2 protein chains.
Amino acid sequence: MSVRDTRVTRIATEILRTDPTPLSLRELHDRVAEQLPATAFSTIYRLSERLEREGKITRVDWRERGSRFEWADRQHHHHIVCGDCGQTVDLDDDDLGFSERRIQSRTGFSVKHHSIEIEGTCADCQR
Amino acid sequence: MSVRDTRVTRIATEILRTDPTPLSLRELHDRVAEQLPATAFSTIYRLSERLEREGKITRVDWRERGSRFEWADRQHHHHIVCGDCGQTVDLDDDDLGFSERRIQSRTGFSVKHHSIEIEGTCADCQR
DNA sequence: CTCGTAACGCAAGCAATTTGCGATAGGAGC
DNA sequence: GCTCCTATCGCAAATTGCTTGCGTTACGAG
């Protein structure tokens, strides 16, 4: 039968699809529980495993802020996070001047993955 | 009286100072225990807190490989890690084409920290 | 409407950290 | 040296966050 369309899945998917900021499982659970209070954390946990396996969401790791997930429709990118308000802006490798090519020729390593996380203060919070 | 020069501190410091690869607390504990078998993990744990507070060591976070510490005498840099053998090579912002300036002008964010972790395969392990 | 099973909720299990506390041992002062 | 104060240590227990086992619920194919 494979994947079923349940209430938790529907609500969680909608939240992940529309929220521009990567969410921790705890946050996602809270958000889902607003609409479906009885939802268990373990359900959210297993759902995230499933969605990640299916390629629907991507895992993002932040130093202090732990593991988070975001909807995976956009292409490869990184984030800059505002330490005050949590706002996030996406950046791609070109924005960052990042080039696997250059790393490879400079180190002899072939590059598999890279993760770049930047923390700062957004324009609004600077005032 | 302040900081004491104890055996654990001396041995652990020496290991951290000379090892070119960031170490997990578990690894550091193992290495210290080779020379001082009775050493407790909690001692290593608290020592790392102290050394980090004193600015002697820096915390490095790796996706899969967890929290690690390295001696902090070198200037700001990042790492590329071989997924097979664990070998590490340091890279600075110029190597990576990274410029806080550019990020700031492109996003309006002022940049506080950034962390870049790259995983790949070193030249040796590619054969 | 029936029935097999994907998903669920709950509670327990783990592993990695952190913390409390009495014992030990640097090292300052005599 | 020898004393004494207290930074550190070792051990065991407590947290915390993440996983997993299991009986129950509720999709949705037939």
# chains A, B, ... in the order shown; residues from 1 in each chain; ligands from 1

$ residues_around --residues "DG17 (chain D)" --least-positions-apart "3" --cutoff "10 Å" --atoms "only C-alpha atoms (C1' of nucleotides)" --output "VMD selection string"
chain C and resid 15 to 17

$ residues_around --residues "Val89 (chain B)" --least-positions-apart "3" --cutoff "7 Å" --atoms "only C-alpha atoms (C1' of nucleotides)" --output "number ranges by chain"
B: 79-81

$ residues_around --residues "His76 (chain A)" --least-positions-apart "2" --cutoff "10 Å" --atoms "only C-alpha atoms (C1' of nucleotides)" --output "list in words"
Thr58, Ala72, Asp73, Arg74, His78, Asp90, Leu91, Asp92 and Asp93 of chain A

$ write_last_selection --atoms "N, CA and C atoms" --output "short mmCIF file (atom, residue, chain, number, x, y, z; two decimals), in the first residue's frame"
data_model
loop_
_atom_site.label_atom_id
_atom_site.label_comp_id
_atom_site.auth_asym_id
_atom_site.auth_seq_id
_atom_site.Cartn_x
_atom_site.Cartn_y
_atom_site.Cartn_z
N THR A 58 15.20 18.09 3.87
CA THR A 58 16.66 18.02 3.99
C THR A 58 17.07 18.39 5.40
N ALA A 72 12.55 20.35 0.76
CA ALA A 72 13.69 20.14 -0.12
C ALA A 72 13.45 20.49 -1.57
N ASP A 73 12.50 21.40 -1.84
CA ASP A 73 12.25 21.68 -3.25
C ASP A 73 13.29 22.60 -3.86
N ARG A 74 13.90 23.41 -3.01
CA ARG A 74 14.91 24.32 -3.56
C ARG A 74 16.22 23.59 -3.79
N HIS A 78 22.82 27.41 1.33
CA HIS A 78 23.21 27.52 2.73
C HIS A 78 22.39 28.63 3.38
N ASP A 90 18.66 32.55 2.51
CA ASP A 90 19.38 31.50 1.80
C ASP A 90 20.51 32.09 0.95
N LEU A 91 21.58 31.34 0.85
CA LEU A 91 22.71 31.75 0.03
C LEU A 91 23.18 30.55 -0.77
N ASP A 92 23.52 30.75 -2.01
CA ASP A 92 24.05 29.60 -2.74
C ASP A 92 25.57 29.70 -2.83
N ASP A 93 26.18 28.67 -3.41
CA ASP A 93 27.64 28.62 -3.42
C ASP A 93 28.25 29.84 -4.10
#

$ closest_residue --among "A:Ser99, A:Ser105, A:Gln87, A:Thr6" --to "chain C" --atoms "only C-alpha atoms (C1' of nucleotides)"
A:Thr6

$ residues_around --residues "Phe109 (chain B)" --least-positions-apart "5" --cutoff "9 Å" --atoms "only C-alpha atoms (C1' of nucleotides)" --output "PDB file with C-alpha atoms, in the first residue's frame"
ATOM      1  CA  ILE A  80      22.663  32.987   7.262  1.00  0.00           C
ATOM      2  CA  VAL A  81      20.673  33.201  10.486  1.00  0.00           C
ATOM      3  CA  CYS A  82      19.928  36.237  12.584  1.00  0.00           C
ATOM      4  CA  GLU A 119      25.328  33.661  12.069  1.00  0.00           C
ATOM      5  CA  GLY A 120      24.874  37.384  12.158  1.00  0.00           C
ATOM      6  CA  THR A 121      22.368  40.126  12.780  1.00  0.00           C
ATOM      7  CA  CYS A 122      19.766  41.014  10.193  1.00  0.00           C
ATOM      8  CA  ALA A 123      19.219  44.576   9.015  1.00  0.00           C
ATOM      9  CA  ASP A 124      16.120  45.029  11.188  1.00  0.00           C
ATOM     10  CA  GLN A 126      20.809  46.039  13.843  1.00  0.00           C
TER      11      GLN A 126
ATOM     12  CA  ILE B 103      27.880  38.457   2.580  1.00  0.00           C
ATOM     13  CA  GLN B 104      27.154  41.657   4.428  1.00  0.00           C
TER      14      GLN B 104
END

$ interface_residues --of "chain D" --to "chain B" --cutoff "12 Å" --atoms "only C-alpha atoms (C1' of nucleotides)" --output "list in words"
DC5, DT6, DA7, DT8, DC9, DG10, DC11 and DA12 of chain D

$ closest_residue --among "D:DA26, D:DC18, D:DA13, D:DC2" --to "Arg7 (chain A)" --atoms "only C-alpha atoms (C1' of nucleotides)"
D:DA26

$ atom_distance --atom1 "CA of Gly55 (chain A)" --atom2 "C1' of DA7 (chain C)"
18.9 Å

$ select_by_dssp --residues "chain A" --states "alpha helix (DSSP H)" --output "PyMOL selection string"
chain A and resi 7-18+25-35+41-53+93-96+100-107

$ select_by_dssp --residues "chain B" --states "strand (DSSP E or B)" --output "ChimeraX atom specification"
/B:23,57-62,66-71,78-82,88-91,110-121

$ write_last_selection --atoms "N, CA and C atoms" --output "tab-separated table (two decimals), in the first residue's frame"
chain	number	residue	atom	x	y	z
B	23	LEU	N	39.82	16.65	18.27
B	23	LEU	CA	39.50	15.42	18.99
B	23	LEU	C	38.16	15.51	19.70
B	57	ILE	N	41.53	26.16	23.90
B	57	ILE	CA	41.04	25.27	22.84
B	57	ILE	C	39.76	25.82	22.24
B	58	THR	N	39.46	25.36	21.05
B	58	THR	CA	38.28	25.83	20.32
B	58	THR	C	37.39	24.64	19.98
B	59	ARG	N	36.10	24.87	20.06
B	59	ARG	CA	35.16	23.81	19.73
B	59	ARG	C	34.88	23.81	18.23
B	60	VAL	N	34.82	22.62	17.69
B	60	VAL	CA	34.53	22.44	16.27
B	60	VAL	C	33.37	21.47	16.17
B	61	ASP	N	32.36	21.78	15.36
B	61	ASP	CA	31.23	20.86	15.25
B	61	ASP	C	31.16	20.23	13.88
B	62	TRP	N	31.09	18.95	13.87
B	62	TRP	CA	30.97	18.24	12.62
B	62	TRP	C	29.69	17.45	12.58
B	66	GLY	N	30.20	14.81	15.52
B	66	GLY	CA	29.99	15.40	16.84
B	66	GLY	C	30.95	16.52	17.21
B	67	SER	N	30.87	16.94	18.46
B	67	SER	CA	31.70	18.04	18.94
B	67	SER	C	33.14	17.62	19.14
B	68	ARG	N	34.03	18.47	18.72
B	68	ARG	CA	35.44	18.20	18.86
B	68	ARG	C	36.17	19.46	19.30
B	69	PHE	N	37.40	19.24	19.77
B	69	PHE	CA	38.18	20.38	20.25
B	69	PHE	C	39.56	20.36	19.62
B	70	GLU	N	40.06	21.55	19.35
B	70	GLU	CA	41.43	21.62	18.85
B	70	GLU	C	42.14	22.78	19.54
B	71	TRP	N	43.45	22.70	19.55
B	71	TRP	CA	44.27	23.72	20.18
B	71	TRP	C	44.04	25.04	19.45
B	78	HIS	N	39.12	26.65	8.78
B	78	HIS	CA	38.10	25.62	8.66
B	78	HIS	C	38.78	24.32	8.32
B	79	HIS	N	37.98	23.25	8.14
B	79	HIS	CA	38.57	21.94	7.89
B	79	HIS	C	37.92	21.22	6.73
B	80	ILE	N	38.74	20.43	6.06
B	80	ILE	CA	38.17	19.44	5.17
B	80	ILE	C	38.63	18.10	5.72
B	81	VAL	N	37.68	17.19	5.90
B	81	VAL	CA	37.95	15.91	6.55
B	81	VAL	C	37.78	14.77	5.56
B	82	CYS	N	38.68	13.82	5.63
B	82	CYS	CA	38.54	12.63	4.78
B	82	CYS	C	37.56	11.68	5.45
B	88	THR	N	42.69	15.37	8.27
B	88	THR	CA	42.13	16.72	8.21
B	88	THR	C	43.11	17.70	7.58
B	89	VAL	N	42.61	18.60	6.77
B	89	VAL	CA	43.45	19.68	6.26
B	89	VAL	C	42.78	21.00	6.59
B	90	ASP	N	43.58	21.95	7.05
B	90	ASP	CA	43.02	23.26	7.40
B	90	ASP	C	42.90	24.14	6.16
B	91	LEU	N	41.88	24.97	6.17
B	91	LEU	CA	41.68	25.90	5.07
B	91	LEU	C	41.29	27.25	5.66
B	110	SER	N	24.89	41.74	9.36
B	110	SER	CA	26.28	41.86	9.79
B	110	SER	C	26.68	40.46	10.25
B	111	VAL	N	27.84	39.99	9.86
B	111	VAL	CA	28.26	38.62	10.16
B	111	VAL	C	28.99	38.52	11.49
B	112	LYS	N	28.54	37.57	12.32
B	112	LYS	CA	29.20	37.36	13.62
B	112	LYS	C	30.14	36.17	13.57
B	113	HIS	N	29.59	35.01	13.24
B	113	HIS	CA	30.40	33.80	13.13
B	113	HIS	C	30.07	33.11	11.83
B	114	HIS	N	30.97	32.26	11.40
B	114	HIS	CA	30.60	31.36	10.32
B	114	HIS	C	31.38	30.09	10.50
B	115	SER	N	30.78	29.00	10.09
B	115	SER	CA	31.48	27.73	10.22
B	115	SER	C	31.31	26.97	8.91
B	116	ILE	N	32.41	26.46	8.43
B	116	ILE	CA	32.40	25.75	7.16
B	116	ILE	C	33.05	24.39	7.38
B	117	GLU	N	32.30	23.34	7.12
B	117	GLU	CA	32.88	22.01	7.28
B	117	GLU	C	32.70	21.26	5.98
B	118	ILE	N	33.78	20.68	5.51
B	118	ILE	CA	33.74	19.99	4.23
B	118	ILE	C	34.16	18.55	4.42
B	119	GLU	N	33.44	17.64	3.77
B	119	GLU	CA	33.85	16.25	3.83
B	119	GLU	C	34.17	15.78	2.43
B	120	GLY	N	35.21	14.97	2.35
B	120	GLY	CA	35.60	14.45	1.05
B	120	GLY	C	36.46	13.22	1.20
B	121	THR	N	37.27	12.97	0.21
B	121	THR	CA	38.18	11.84	0.28
B	121	THR	C	39.57	12.36	-0.05

$ closest_residue --among "A:Arg50, A:Lys56, A:Thr107, A:Arg17" --to "chain C" --atoms "only C-alpha atoms (C1' of nucleotides)"
A:Arg50

$ interface_residues --of "chain C" --to "chain B" --cutoff "10 Å" --atoms "only C-alpha atoms (C1' of nucleotides)" --output "list in words"
DT17, DT18, DT19, DA25, DG26, DG27 and DA28 of chain C

$ closest_residue --among "B:Cys125, B:Ile15, B:Leu96, B:Leu51" --to "chain A" --atoms "only C-alpha atoms"
B:Leu96

$ closest_residue --among "B:Arg127, B:Ile44, B:Gly86, B:Arg102" --to "Leu28 (chain B)" --atoms "only C-alpha atoms"
B:Ile44
